[in-house]
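Student: One structure coming up, written as structure tokens, with questions to follow.
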Amino acid sequence: MLASSIMGRHLYSLLLLLCTPLLIAHVVRKYRRENQDPMVSHRLGLHVPDQMDGCVWIHACSLGEAKVGLELARALIQHDASLRILITATTPAGLGVLAKSEFTCHVFPWDFSWIWSRWLSKLRPKALIVIETELWPNLVDACHKASIPVILANGRLSEQSVRGYERFGWIARPMWSKVSRALMQFDGDAHNAHSLGVPAHAISEVGSIKLDQSAPQISKDRVNQISDWKHDKVLVCLMSSHAEDDALFMVWAQQHPELRLLIVPRHPIRGSEIKVLADEHAIEACQVSTGIHDGAQILIGDTLGDMGAYLSQSDVVVIGGSFSGKGGQNPIEPALMSKPLIAGPSMHNFQAISVGLETAGALVRTDAEHLSQAIDEVLARADAMGQAANAWVEANRGSTELQVQAILAVIAVR
């Protein structure tokens, strides 16, 4: 068993090395298209964090996980102000929010085995805390060998994720078996963690830190602009959209010229792309970034930091990524703002949360064929659904404190 585990990890490392040119090409193309620095030298491990003996290392992947990591870090500091915390992230969006925080942050490199000995000797962390699903075989193995506990915080594992890990069980199962504590969001996540190899005694069901978040800030100036554009018409918001969602809603907008549509892309840089799509469908649209004008049926919310303003003016919110097979985006912000919700068939990224909201009468699931009918249904009982959404989130708060106590208990043993 041990020999096969070692062989599997060596094979994984070899494949990662062979794929390095492709990884470099991918990040250069992706992030330069978004006018972001691909930070290739950081990803290759050529930069090591400054000495931080005895720190708590939190790793988050992208923006959503980075926000969770910050909430967790701040809660830890409230309990023990002596803790030193390093937070790493992978994407420019995640790194951007970390750079504005009070914590030391660094780019997370690719999972080359030779990187981690240098990192761990510099950091000598009390624990590695990984947010949601960001486990990497060589990193976990290096921590295990150095007797550094690996804690999965705010863990989530959909059935789809489990199937993906099981396809590569030769490398995934040894990795999951080395997790010291798995703080999983809900019962299904806990069950899936155990099925992948985490010992039952190491697993706890603790809810989601995302349910403890505050409602987004609202810019009054932006609210006034959107309100003037909206007039007295019903506004449907497609939140955190992907390209496939945009295409579906262009067709819907053509069928409902009496309604206003606000599309907030998951990546704001796609604003001009959505404008071109609207032009192709002969629908008048405008981008917030270039100026709002009254005659547009579609407003494209392609600015950062304005989600609160966008949601505040919306009468119904449709969850992006749920009609495109992407697993759906986070529905908690609109729920906190008492907005009725619609989601498509694909919500596996937030399975338990979406089921909870649906059971509470706050969210309606539908498909592309019945989208218009679902929007009409939701608008007819929007107030009651919005109140139910807010009430469900409020009733399920408290996860942050549970996870902090579990992490501190692990650290105390060190």
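We label chains A, B, ... in the order they appear in the structure tokens, count residues from 1 in each chain, and number ligands from 1 in the order shown.
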Which stretch 100-167 of chain A residues have any atom within 12 Å of an atom of stretch 399-407 of chain A, and for each, what is the nearest pair of atoms with distance in Å to one decimal, counting only C-alpha atoms, rows sorted by chain and number, as CSV?
Tutor:
```
residue,atom,partner,partner_atom,distance
A:Lys126,CA,A:Ile407,CA,10.3
A:Ala127,CA,A:Ile407,CA,8.6
A:Leu128,CA,A:Ile407,CA,10.0
A:Ile129,CA,A:Ile407,CA,8.4
A:Val130,CA,A:Ile407,CA,11.4
A:Ile131,CA,A:Gln403,CA,11.4
A:Pro149,CA,A:Ile407,CA,9.9
A:Val150,CA,A:Ile407,CA,10.1
A:Ile151,CA,A:Ile407,CA,7.5
A:Leu152,CA,A:Ile407,CA,9.7
A:Ala153,CA,A:Gln403,CA,7.0
A:Asn154,CA,A:Gln403,CA,7.8
A:Gly155,CA,A:Gln403,CA,10.5
```
Student: Set the distance at 9 Å and use only C-alpha atoms: which residues neighbour stretch 177-190 of chain A once local chain neighbours fewer than 3 positions away are removed? I'd like the list as a ChimeraX atom specification.
Tutor: /A:132,140-141,144,148-159,172-174,193-209,352-353,399,403,406-407,410
Student: Report as number ranges by chain all protein, DNA and RNA residues lying within 12 Å of A:Leu371, evaluated on only C-alpha atoms, omitting residues in the same chain fewer than 2 positions from it.
Tutor: A: 236, 245, 248-249, 251-253, 255-256, 318, 323, 342-345, 364-369, 373-378
Student: Could you pull out the strand (DSSP E) residues of stretch 26-150 of chain A from DSSP and send them as a PyMOL selection string?
Tutor: chain A and resi 56-59+85-89+104-107+127-131+150
Student: From the options A:Asp50, A:Glu65, A:Glu71, A:Glu258, which residue's atoms come nearest to A:Ser214, counting only C-alpha atoms?
Tutor: A:Glu71
